[in-house]
Structures are given as C-alpha cells and as structure tokens.
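This is run12.cif. It holds mmCIF, C-alpha atoms.
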data_protein
#
loop_
_atom_site.group_PDB
_atom_site.id
_atom_site.type_symbol
_atom_site.label_atom_id
_atom_site.label_comp_id
_atom_site.auth_asym_id
_atom_site.auth_seq_id
_atom_site.Cartn_x
_atom_site.Cartn_y
_atom_site.Cartn_z
ATOM 1 C CA MET A 1 3.052 -14.167 15.117
ATOM 2 C CA SER A 2 4.817 -14.891 11.811
ATOM 3 C CA ALA A 3 4.830 -11.195 10.906
ATOM 4 C CA GLY A 4 6.373 -10.390 14.289
ATOM 5 C CA LEU A 5 9.136 -12.936 13.724
ATOM 6 C CA ALA A 6 9.691 -11.451 10.270
ATOM 7 C CA ALA A 7 10.047 -7.979 11.810
ATOM 8 C CA VAL A 8 12.701 -9.255 14.233
ATOM 9 C CA ALA A 9 14.685 -10.764 11.357
ATOM 10 C CA ILE A 10 14.362 -7.607 9.240
ATOM 11 C CA ALA A 11 15.689 -5.479 12.113
ATOM 12 C CA ARG A 12 18.687 -7.777 12.559
ATOM 13 C CA ILE A 13 19.394 -7.855 8.826
ATOM 14 C CA ALA A 14 19.292 -4.065 8.758
ATOM 15 C CA ARG A 15 21.777 -3.865 11.639
ATOM 16 C CA LEU A 16 24.197 -6.284 9.991
ATOM 17 C CA SER A 17 23.852 -5.005 6.429
ATOM 18 C CA ALA A 18 23.181 -1.302 6.643
ATOM 19 C CA GLY A 19 23.847 -0.140 10.173
ATOM 20 C CA GLY A 20 21.768 -0.035 13.325
ATOM 21 C CA SER A 21 20.318 3.394 12.536
ATOM 22 C CA TYR A 22 18.117 1.876 9.832
ATOM 23 C CA ALA A 23 16.729 -1.028 11.861
ATOM 24 C CA GLY A 24 13.879 0.808 13.602
ATOM 25 C CA ASP A 25 12.553 2.505 10.490
ATOM 26 C CA SER A 26 12.887 -0.690 8.449
ATOM 27 C CA VAL A 27 10.474 -2.401 10.827
ATOM 28 C CA LEU A 28 8.252 0.679 10.974
ATOM 29 C CA PHE A 29 7.846 0.834 7.189
ATOM 30 C CA PHE A 30 7.314 -2.920 7.054
ATOM 31 C CA ALA A 31 4.586 -2.714 9.714
ATOM 32 C CA LEU A 32 2.843 0.289 8.122
ATOM 33 C CA TYR A 33 3.023 -0.931 4.533
ATOM 34 C CA PRO A 34 -0.590 -0.502 3.361
ATOM 35 C CA ILE A 35 -1.108 -4.168 2.401
ATOM 36 C CA THR A 36 0.137 -5.733 5.633
ATOM 37 C CA PHE A 37 -3.454 -6.101 6.815
ATOM 38 C CA VAL A 38 -3.209 -9.497 5.093
ATOM 39 C CA PHE A 39 -1.194 -10.663 8.104
ATOM 40 C CA THR A 40 -4.522 -10.821 9.949
ATOM 41 C CA ALA A 41 -6.066 -13.136 7.338
ATOM 42 C CA ALA A 42 -5.526 -16.796 6.515
ATOM 43 C CA TYR A 43 -2.882 -16.041 3.898
ATOM 44 C CA SER A 44 0.672 -17.340 3.605
ATOM 45 C CA ASP A 45 2.286 -13.882 3.419
ATOM 46 C CA GLY A 46 3.339 -13.658 7.062
ATOM 47 C CA LEU A 47 4.811 -17.145 7.163
ATOM 48 C CA PHE A 48 6.609 -16.668 3.865
ATOM 49 C CA VAL A 49 8.292 -13.374 4.726
ATOM 50 C CA ALA A 50 9.306 -14.761 8.128
ATOM 51 C CA LEU A 51 10.943 -17.838 6.609
ATOM 52 C CA ALA A 52 12.579 -15.833 3.823
ATOM 53 C CA ALA A 53 13.958 -13.196 6.181
ATOM 54 C CA TRP A 54 15.304 -15.725 8.680
ATOM 55 C CA ALA A 55 16.887 -17.765 5.861
ATOM 56 C CA PHE A 56 18.583 -14.588 4.637
ATOM 57 C CA LEU A 57 19.740 -13.769 8.178
ATOM 58 C CA ALA A 58 21.120 -17.289 8.652
ATOM 59 C CA ALA A 59 23.151 -16.945 5.446
ATOM 60 C CA LEU A 60 24.316 -13.507 6.509
ATOM 61 C CA ARG A 61 25.654 -15.073 9.709
ATOM 62 C CA GLY A 62 27.382 -17.846 7.771
ATOM 63 C CA ARG A 63 25.065 -20.712 8.731
ATOM 64 C CA PRO A 64 24.366 -22.576 5.453
ATOM 65 C CA ALA A 65 22.512 -25.546 6.973
ATOM 66 C CA LEU A 66 19.946 -23.338 8.693
ATOM 67 C CA ALA A 67 19.699 -21.076 5.643
ATOM 68 C CA GLY A 68 19.046 -24.088 3.422
ATOM 69 C CA VAL A 69 16.328 -25.545 5.673
ATOM 70 C CA LEU A 70 14.541 -22.217 6.151
ATOM 71 C CA GLY A 71 14.902 -21.359 2.469
ATOM 72 C CA ALA A 72 13.403 -24.709 1.461
ATOM 73 C CA ALA A 73 10.511 -24.089 3.858
ATOM 74 C CA ALA A 74 9.979 -20.687 2.232
ATOM 75 C CA VAL A 75 9.855 -22.338 -1.209
ATOM 76 C CA LEU A 76 7.306 -24.871 0.053
ATOM 77 C CA THR A 77 5.249 -22.018 1.477
ATOM 78 C CA ARG A 78 5.356 -20.134 -1.803
ATOM 79 C CA PRO A 79 7.233 -21.425 -4.892
ATOM 80 C CA THR A 80 8.385 -17.899 -5.696
ATOM 81 C CA GLY A 81 10.723 -18.285 -2.716
ATOM 82 C CA ILE A 82 13.202 -19.789 -5.185
ATOM 83 C CA ALA A 83 14.247 -16.148 -5.704
ATOM 84 C CA LEU A 84 16.168 -16.558 -2.433
ATOM 85 C CA LEU A 85 18.632 -18.986 -3.968
ATOM 86 C CA PRO A 86 20.941 -16.534 -5.814
ATOM 87 C CA ALA A 87 21.170 -14.250 -2.769
ATOM 88 C CA LEU A 88 21.917 -17.095 -0.360
ATOM 89 C CA ALA A 89 24.484 -18.527 -2.781
ATOM 90 C CA LEU A 90 26.186 -15.132 -3.062
ATOM 91 C CA MET A 91 26.501 -14.793 0.711
ATOM 92 C CA LEU A 92 27.658 -18.358 1.281
ATOM 93 C CA TRP A 93 29.826 -18.902 -1.808
ATOM 94 C CA PRO A 94 32.935 -20.798 -0.680
ATOM 95 C CA LYS A 95 36.047 -18.669 -0.374
ATOM 96 C CA ARG A 96 38.180 -21.768 -0.831
ATOM 97 C CA HIS A 97 37.358 -24.280 -3.549
ATOM 98 C CA THR A 98 37.858 -27.382 -1.459
ATOM 99 C CA LEU A 99 35.604 -30.397 -1.042
ATOM 100 C CA GLY A 100 34.794 -29.444 2.542
ATOM 101 C CA ALA A 101 33.853 -25.900 1.540
ATOM 102 C CA TRP A 102 31.522 -27.118 -1.199
ATOM 103 C CA LEU A 103 29.914 -29.660 1.123
ATOM 104 C CA ALA A 104 29.249 -26.864 3.618
ATOM 105 C CA TRP A 105 27.566 -24.878 0.816
ATOM 106 C CA SER A 106 25.476 -27.844 -0.374
ATOM 107 C CA PRO A 107 22.449 -27.286 1.958
ATOM 108 C CA LEU A 108 21.353 -24.546 -0.437
ATOM 109 C CA LEU A 109 20.448 -27.311 -2.880
ATOM 110 C CA LEU A 110 17.463 -27.911 -0.597
ATOM 111 C CA LEU A 111 15.727 -24.923 -2.206
ATOM 112 C CA PRO A 112 15.505 -26.319 -5.767
ATOM 113 C CA ALA A 113 14.925 -29.777 -4.263
ATOM 114 C CA ALA A 114 11.893 -28.416 -2.396
ATOM 115 C CA LEU A 115 10.480 -26.955 -5.613
ATOM 116 C CA VAL A 116 11.050 -30.206 -7.504
ATOM 117 C CA GLY A 117 9.471 -32.181 -4.673
ATOM 118 C CA TYR A 118 6.415 -29.928 -4.696
ATOM 119 C CA CYS A 119 6.061 -30.401 -8.468
ATOM 120 C CA LEU A 120 6.286 -34.165 -8.049
ATOM 121 C CA TYR A 121 3.608 -34.033 -5.354
ATOM 122 C CA LEU A 122 1.302 -32.065 -7.651
ATOM 123 C CA ARG A 123 1.898 -34.509 -10.484
ATOM 124 C CA SER A 124 1.171 -37.473 -8.223
ATOM 125 C CA HIS A 125 -2.046 -36.061 -6.752
ATOM 126 C CA PHE A 126 -3.425 -33.890 -9.553
ATOM 127 C CA GLY A 127 -1.676 -35.127 -12.688
ATOM 128 C CA ASP A 128 -0.141 -31.692 -13.283
ATOM 129 C CA ALA A 129 3.333 -30.904 -11.981
ATOM 130 C CA PHE A 130 2.805 -27.190 -12.648
ATOM 131 C CA ALA A 131 -0.708 -26.874 -11.260
ATOM 132 C CA PHE A 132 0.347 -23.822 -9.233
ATOM 133 C CA VAL A 133 1.229 -22.041 -12.485
ATOM 134 C CA HIS A 134 -1.797 -23.223 -14.456
ATOM 135 C CA SER A 135 -4.220 -22.276 -11.676
ATOM 136 C CA GLU A 136 -2.904 -18.718 -11.833
ATOM 137 C CA GLY A 137 -3.493 -18.767 -15.568
ATOM 138 C CA ALA A 138 -7.058 -19.998 -15.148
ATOM 139 C CA PHE A 139 -8.072 -17.564 -12.402
ATOM 140 C CA TRP A 140 -5.965 -14.458 -13.060
ATOM 141 C CA LEU A 141 -5.318 -15.086 -16.771
ATOM 142 C CA ARG A 142 -1.595 -15.026 -16.079
ATOM 143 C CA HIS A 143 0.719 -16.270 -18.793
ATOM 144 C CA VAL A 144 4.443 -16.677 -19.235
ATOM 145 C CA PRO A 145 5.662 -14.518 -22.155
ATOM 146 C CA ALA A 146 8.118 -16.078 -24.571
ATOM 147 C CA THR A 147 10.599 -13.358 -23.618
ATOM 148 C CA GLY A 148 10.196 -14.019 -19.876
ATOM 149 C CA PRO A 149 10.432 -11.074 -17.456
ATOM 150 C CA LEU A 150 11.171 -8.667 -20.306
ATOM 151 C CA GLY A 151 7.783 -9.515 -21.782
ATOM 152 C CA GLY A 152 6.147 -8.879 -18.419
ATOM 153 C CA LEU A 153 7.946 -5.549 -18.127
ATOM 154 C CA TRP A 154 6.839 -4.543 -21.619
ATOM 155 C CA ASN A 155 3.225 -5.453 -20.809
ATOM 156 C CA ALA A 156 3.377 -3.424 -17.597
ATOM 157 C CA VAL A 157 4.830 -0.350 -19.316
ATOM 158 C CA LYS A 158 2.392 -0.594 -22.214
ATOM 159 C CA SER A 159 -0.616 -1.007 -19.913
ATOM 160 C CA GLY A 160 0.579 1.871 -17.733
ATOM 161 C CA GLU A 161 0.906 4.159 -20.760
ATOM 162 C CA GLN A 162 -2.528 3.125 -22.007
ATOM 163 C CA GLY A 163 -3.899 3.667 -18.515
ATOM 164 C CA VAL A 164 -2.664 7.258 -18.466
ATOM 165 C CA ALA A 165 -4.261 7.870 -21.863
ATOM 166 C CA GLN A 166 -7.518 6.273 -20.701
ATOM 167 C CA LEU A 167 -7.679 8.488 -17.619
ATOM 168 C CA VAL A 168 -6.838 11.667 -19.557
ATOM 169 C CA LEU A 169 -9.639 10.928 -22.022
ATOM 170 C CA HIS A 170 -12.111 10.501 -19.168
ATOM 171 C CA LEU A 171 -11.257 13.465 -16.980
ATOM 172 C CA PRO A 172 -14.334 15.192 -15.482
ATOM 173 C CA ALA A 173 -16.115 16.816 -18.383
ATOM 174 C CA ARG A 174 -17.492 20.344 -18.564
ATOM 175 C CA SER A 175 -20.859 21.067 -17.027
ATOM 176 C CA GLY A 176 -23.722 19.348 -18.809
ATOM 177 C CA ALA A 177 -21.514 16.774 -20.557
ATOM 178 C CA PRO A 178 -21.444 13.091 -19.565
ATOM 179 C CA SER A 179 -18.681 12.075 -17.178
ATOM 180 C CA GLY A 180 -17.780 9.336 -14.752
ATOM 181 C CA PHE A 181 -15.498 6.369 -14.373
ATOM 182 C CA GLY A 182 -16.384 2.787 -15.171
ATOM 183 C CA LYS A 183 -14.568 -0.509 -15.020
ATOM 184 C CA PRO A 184 -12.073 0.349 -17.791
ATOM 185 C CA GLU A 185 -11.030 3.437 -15.854
ATOM 186 C CA GLN A 186 -10.590 1.377 -12.686
ATOM 187 C CA PHE A 187 -8.270 -0.955 -14.581
ATOM 188 C CA ALA A 188 -6.442 2.098 -15.915
ATOM 189 C CA VAL A 189 -5.898 3.429 -12.380
ATOM 190 C CA TRP A 190 -4.569 0.050 -11.239
ATOM 191 C CA ASN A 191 -2.175 -0.150 -14.187
ATOM 192 C CA VAL A 192 -0.805 3.353 -13.584
ATOM 193 C CA VAL A 193 -0.426 2.938 -9.822
ATOM 194 C CA GLN A 194 1.146 -0.507 -10.083
ATOM 195 C CA LEU A 195 3.591 0.627 -12.762
ATOM 196 C CA ALA A 196 4.619 3.485 -10.470
ATOM 197 C CA LEU A 197 5.075 0.973 -7.650
ATOM 198 C CA LEU A 198 7.235 -1.198 -9.920
ATOM 199 C CA VAL A 199 9.440 1.787 -10.750
ATOM 200 C CA ALA A 200 9.752 2.554 -7.031
ATOM 201 C CA ALA A 201 10.638 -1.089 -6.258
ATOM 202 C CA CYS A 202 13.339 -1.090 -8.939
ATOM 203 C CA ALA A 203 14.759 2.188 -7.615
ATOM 204 C CA LEU A 204 14.848 0.816 -4.070
ATOM 205 C CA THR A 205 16.558 -2.319 -5.362
ATOM 206 C CA TRP A 206 19.315 -0.072 -6.685
ATOM 207 C CA VAL A 207 19.490 1.578 -3.260
ATOM 208 C CA CYS A 208 19.890 -1.909 -1.788
ATOM 209 C CA TRP A 209 22.865 -2.509 -4.063
ATOM 210 C CA LYS A 210 24.526 0.765 -3.110
ATOM 211 C CA ARG A 211 23.643 1.173 0.573
ATOM 212 C CA VAL A 212 22.408 -2.133 2.036
ATOM 213 C CA SER A 213 24.118 -5.187 0.529
ATOM 214 C CA ARG A 214 24.538 -6.796 -2.857
ATOM 215 C CA ALA A 215 22.865 -9.964 -1.603
ATOM 216 C CA ALA A 216 19.788 -7.965 -0.566
ATOM 217 C CA ALA A 217 19.703 -6.340 -3.997
ATOM 218 C CA VAL A 218 20.031 -9.728 -5.717
ATOM 219 C CA TYR A 219 17.112 -11.127 -3.730
ATOM 220 C CA SER A 220 15.007 -8.047 -4.429
ATOM 221 C CA ALA A 221 15.795 -8.163 -8.143
ATOM 222 C CA GLY A 222 15.054 -11.888 -8.263
ATOM 223 C CA THR A 223 11.689 -11.337 -6.581
ATOM 224 C CA ILE A 224 10.749 -8.661 -9.103
ATOM 225 C CA LEU A 225 11.876 -10.795 -12.053
ATOM 226 C CA VAL A 226 9.831 -13.778 -10.829
ATOM 227 C CA PHE A 227 6.754 -11.559 -10.584
ATOM 228 C CA LEU A 228 7.304 -10.051 -14.034
ATOM 229 C CA SER A 229 7.664 -13.520 -15.556
ATOM 230 C CA ALA A 230 3.912 -14.183 -15.256
ATOM 231 C CA PRO A 231 1.906 -11.029 -16.025
ATOM 232 C CA ALA A 232 -1.893 -11.086 -16.064
ATOM 233 C CA ALA A 233 -4.024 -10.303 -19.096
ATOM 234 C CA VAL A 234 -5.853 -7.079 -18.226
ATOM 235 C CA VAL A 235 -3.829 -5.747 -15.307
ATOM 236 C CA PRO A 236 -0.319 -7.198 -15.830
ATOM 237 C CA LEU A 237 0.914 -6.339 -12.341
ATOM 238 C CA VAL A 238 -2.193 -7.453 -10.461
ATOM 239 C CA SER A 239 -1.463 -8.207 -6.777
ATOM 240 C CA GLU A 240 1.959 -6.555 -7.032
ATOM 241 C CA PRO A 241 1.512 -4.566 -3.774
ATOM 242 C CA ARG A 242 0.875 -7.790 -1.854
ATOM 243 C CA PHE A 243 3.620 -9.679 -3.660
ATOM 244 C CA LEU A 244 6.193 -7.063 -2.663
ATOM 245 C CA ILE A 245 5.573 -7.720 1.044
ATOM 246 C CA GLY A 246 7.954 -10.656 0.678
ATOM 247 C CA ASP A 247 10.616 -8.366 -0.829
ATOM 248 C CA PHE A 248 11.737 -7.275 2.638
ATOM 249 C CA PRO A 249 15.030 -5.593 1.559
ATOM 250 C CA LEU A 250 12.898 -2.830 0.040
ATOM 251 C CA PHE A 251 11.857 -1.706 3.520
ATOM 252 C CA ILE A 252 15.495 -1.488 4.619
ATOM 253 C CA ALA A 253 16.314 0.505 1.481
ATOM 254 C CA LEU A 254 13.364 2.814 2.146
ATOM 255 C CA ALA A 255 14.677 3.415 5.671
ATOM 256 C CA ALA A 256 18.078 4.251 4.181
ATOM 257 C CA VAL A 257 16.501 6.748 1.781
ATOM 258 C CA ALA A 258 14.472 8.390 4.568
ATOM 259 C CA ALA A 259 17.447 8.612 6.955
ATOM 260 C CA GLY A 260 18.362 12.245 7.540
ATOM 261 C CA ARG A 261 15.216 13.430 5.743
ATOM 262 C CA PRO A 262 12.624 14.022 8.480
ATOM 263 C CA ARG A 263 9.999 15.492 6.130
ATOM 264 C CA LEU A 264 10.213 12.532 3.768
ATOM 265 C CA ARG A 265 10.084 10.121 6.687
ATOM 266 C CA SER A 266 6.998 11.830 8.136
ATOM 267 C CA ALA A 267 5.297 11.873 4.743
ATOM 268 C CA LEU A 268 5.961 8.152 4.273
ATOM 269 C CA VAL A 269 4.696 7.261 7.737
ATOM 270 C CA VAL A 270 1.509 9.329 7.364
ATOM 271 C CA SER A 271 0.752 8.116 3.834
ATOM 272 C CA PHE A 272 1.453 4.470 4.674
ATOM 273 C CA ALA A 273 -0.771 4.678 7.745
ATOM 274 C CA ALA A 274 -3.587 6.468 5.891
ATOM 275 C CA PHE A 275 -3.633 4.146 2.893
ATOM 276 C CA GLY A 276 -3.231 1.145 5.180
ATOM 277 C CA LEU A 277 -6.278 2.187 7.193
ATOM 278 C CA LEU A 278 -8.360 2.631 4.035
ATOM 279 C CA ALA A 279 -7.195 -0.719 2.663
ATOM 280 C CA ALA A 280 -7.928 -2.528 5.936
ATOM 281 C CA VAL A 281 -11.421 -1.017 6.204
ATOM 282 C CA GLY A 282 -12.163 -1.885 2.602
ATOM 283 C CA PHE A 283 -10.897 -5.434 3.039
ATOM 284 C CA ALA A 284 -12.994 -5.862 6.193
ATOM 285 C CA HIS A 285 -16.073 -4.843 4.189
ATOM 286 C CA GLY A 286 -15.449 -7.341 1.421
ATOM 287 C CA VAL A 287 -13.700 -5.052 -1.036
ATOM 288 C CA TRP A 288 -10.937 -6.808 -2.983
ATOM 289 C CA VAL A 289 -7.631 -5.131 -2.089
ATOM 290 C CA SER A 290 -4.301 -6.611 -3.110
#
This entry written out as structure tokens:
Amino acid sequence: MSAGLAAVAIARIARLSAGGSYAGDSVLFFALYPITFVFTAAYSDGLFVALAAWAFLAALRGRPALAGVLGAAAVLTRPTGIALLPALALMLWPKRHTLGAWLAWSPLLLLPAALVGYCLYLRSHFGDAFAFVHSEGAFWLRHVPATGPLGGLWNAVKSGEQGVAQLVLHLPARSGAPSGFGKPEQFAVWNVVQLALLVAACALTWVCWKRVSRAAAVYSAGTILVFLSAPAAVVPLVSEPRFLIGDFPLFIALAAVAAGRPRLRSALVVSFAAFGLLAAVGFAHGVWVS
C-alpha cells in the first residue's frame, strides 16, 4: 500500500516538475526497479519513500505545514530523511522577508526537531543518542570518515578500481590451470557494480537539475551525500541499490532520459524486469540481496 501511495506522488511530482509525458514512465521505472521486491517484506522502504514523496509534493504545491509534518514522519521512519530538508526549504523559501512569511516557513523545522527527538529517545532508553549510527558500525562496519562524503566517495572509487583489478587477475584461466571465483571476487563484483550505480545516480541527479527541477536535484544530491558519509569497510557502498529506492527523483530523471528513445526505454524495461525477477527469486530463497 505504501509503495502504491509513493507511486501516485511520484507521478504527480513528474507532472508538475517535468511535464505529464514523463509521469507514466517514472512510475514504471520505479515499479520495475530491481530492488523493489523489498516492498513485499517487513522493511521501512515503502513507508519512507511514500512519506518523502508526499512531503516533496506538498512543498511543490506550496503547503509548508503538510510538508513539515510528512517530512518529520519520513525522518522518524528513517533518519536519512533529513536529506529532504534542503529541497523543501528551497521550494518554500519565503519570497518576502516578513514575519508572516517566515512563520509560514517554520513547519520545516519539524524535520530537524524529529531527528533531535529520536536521538533523545535513544539516549533515554539505550544510553546512546546515536545508537542508529553505532549499530550500523557494529553490523556493517560502517564508519564516518574525517572528510565526510568525500572520504566515502574516495573509498568507493578506490574499492571499485581494486575490484576491476581483482576480477581481471581472476579471469577464467587457460585449460588445465586453476580458475574460479571466491569471496574476494564476489566483493570485487559488488564494488564495481555499485560504483557504476553511483556514477549513474550522480548523472541522473544532473539530469534532475537540468530537466526536472532544482529542488529534485538538491534532494537527490543530499540523499547521495548522506549515503556516502558512512561507507562500510569491505564494500563501501553496501546496500546502495536499496538505499536509492528513496531517491525517487532519479526515476523521473530516468524517464526524461528515455523519452524519445524507444530502444533505450525498451532496454531499461527489459533489464529492470529481468534483474528484478532474479533478485526476487533469490531473496525468496534466502539469498541476501540489497
């Protein structure tokens, strides 16, 4: 249900921001994205993208109170929802610097307030205001580089380059020689594929800036920067495909890129559907896919 509500909001955002011709394909790419099988599991992804998209739509329509409430709910669903704040502020920034205009803009303060409230709750119940960060560090070995997102980007690029080298060194050998792929090669594949996905996400963010809306691009860039700010140890961009589900402007940008290119559109639809089917089958059989 949440994913369906998210699709409705994405279609309306596409109509208002980029033209009605992109709305159908935006929803199509969102629905076929290979990781959206998680909408059938007990994960927060569907709820988060629904709240984030409707908060964005409310701001786009000039309704700051609703945008603030929905944005705060998105932050409570997933703290990374704070990436919404710059985009909502850009859309709702007062045109006149009067007290009334600033008071109308003030509901956006609910987003940082929600994050602070969640931290206070964690401190009260678990003695650790940043338990959500430390748990990621314990389980996924995520850490926050001293240089922030730039450090995460450097780790991703370095791991991707090393992954390519690892795979080249372990290409199928000549007959009679040992060959095969082990765990290091699996990590190498993940690093290469996820770096390629990061490059694609950054390119689509630029498309958002040029062809969708600057607010959509700001939200997309903020989402990517939040993700890069806490890379993992072995596979820096682990879970990136799932994380990007919440970056809904990318699907609108992808529809804009595919518009007028029927071969590209068909290739995207077929590849999304094929990889999505494989991912769903693997997930149903207990294979970790994210």
List the residues selected by the PyMOL selection byres ((chain A and resi 252) around 8) in the file shown, writing them as a list in words.
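Going through the file, the PyMOL selection byres ((chain A and resi 252) around 8) ends up selecting Ile10, Ala14, Ala18, Tyr22, Ala23, Asp25, Ser26, Cys208, Val212, Phe248, Pro249, Leu250, Phe251, Ala253, Leu254, Ala255 and Ala256 of chain A.
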I'd like to know which of A:Pro34, A:Gly20, A:Pro86, A:Gly148 is closest to Ser271 of chain A, using only C-alpha atoms.
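Looking at the shortest contact to Ser271 of chain A, the residue is A:Pro34.
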Between atom CA of Val38 of chain A and atom CA of Gly81 of chain A, what is the distance, to one decimal in Å?
18.2 Å
Using all atoms listed in the file, which of the listed residues (A:Leu167, A:Ala87, A:Ala52, A:Leu150) sits closest to Trp209 of chain A?
A:Ala87
Got a sec to resolve the PyMOL selection byres ((chain A and resi 276) around 8) on this structure and send the residues as a VMD selection string?
chain A and resid 32 to 37 272 to 275 277 to 280
Given the choices A:Leu264, A:Val289, A:Ala258, A:Ala59, which gets closest to Ser21 of chain A if the distance is worked out from all atoms listed in the file?
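Using all atoms listed in the file, Ser21 of chain A sits closest to A:Ala258.
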Expected selection from the PyMOL selection byres ((chain A and resi 235-243) around 9), given as number ranges by chain:
A: 34-36, 38, 45, 140, 142, 152-153, 155-156, 159, 187-188, 190-191, 194-195, 197-198, 223, 227-228, 230-234, 244-247, 289-290
Segment 248-266 of chain A, all listed atoms, 4 Å padding on each side: what axis-aligned box centre and edge lengths in Å to one decimal come out, as AutoDock Vina command-line options?
--center_x 12.7 --center_y 4.1 --center_z 4.3 --size_x 19.4 --size_y 30.8 --size_z 16.4
Looking at A:Tyr118, A:Leu268, A:Ile82, A:Trp105, which one is nearest to Gly222 of chain A, with distances taken over only C-alpha atoms?
A:Ile82
Quote the spacing between atom CA of Ala196 of chain A and atom CA of Phe283 of chain A in Å to one decimal place.
22.4 Å
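We find atom CA of Tyr43 of chain A and atom CA of Arg123 of chain A to be spaced 23.9 Å apart.
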Given only C-alpha atoms as the basis, pick out the residue of A:Phe29, A:Phe132, A:Tyr219, A:Trp54 nearest to Leu90 of chain A.
A:Tyr219
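For Leu122 of chain A, the list of residues within 12 Å, based on only C-alpha atoms and with local chain neighbours fewer than 4 positions off taken out, reads Leu115, Val116, Gly117, Tyr118, Phe126, Gly127, Asp128, Ala129, Phe130, Ala131, Phe132, Val133, His134 and Ser135 of chain A.
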Counting only C-alpha atoms, which residue out of A:Gly151, A:Pro145, A:Pro64, A:Pro184 sits closest to Ala165 of chain A?
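Result for the nearest residue to Ala165 of chain A: A:Pro184.
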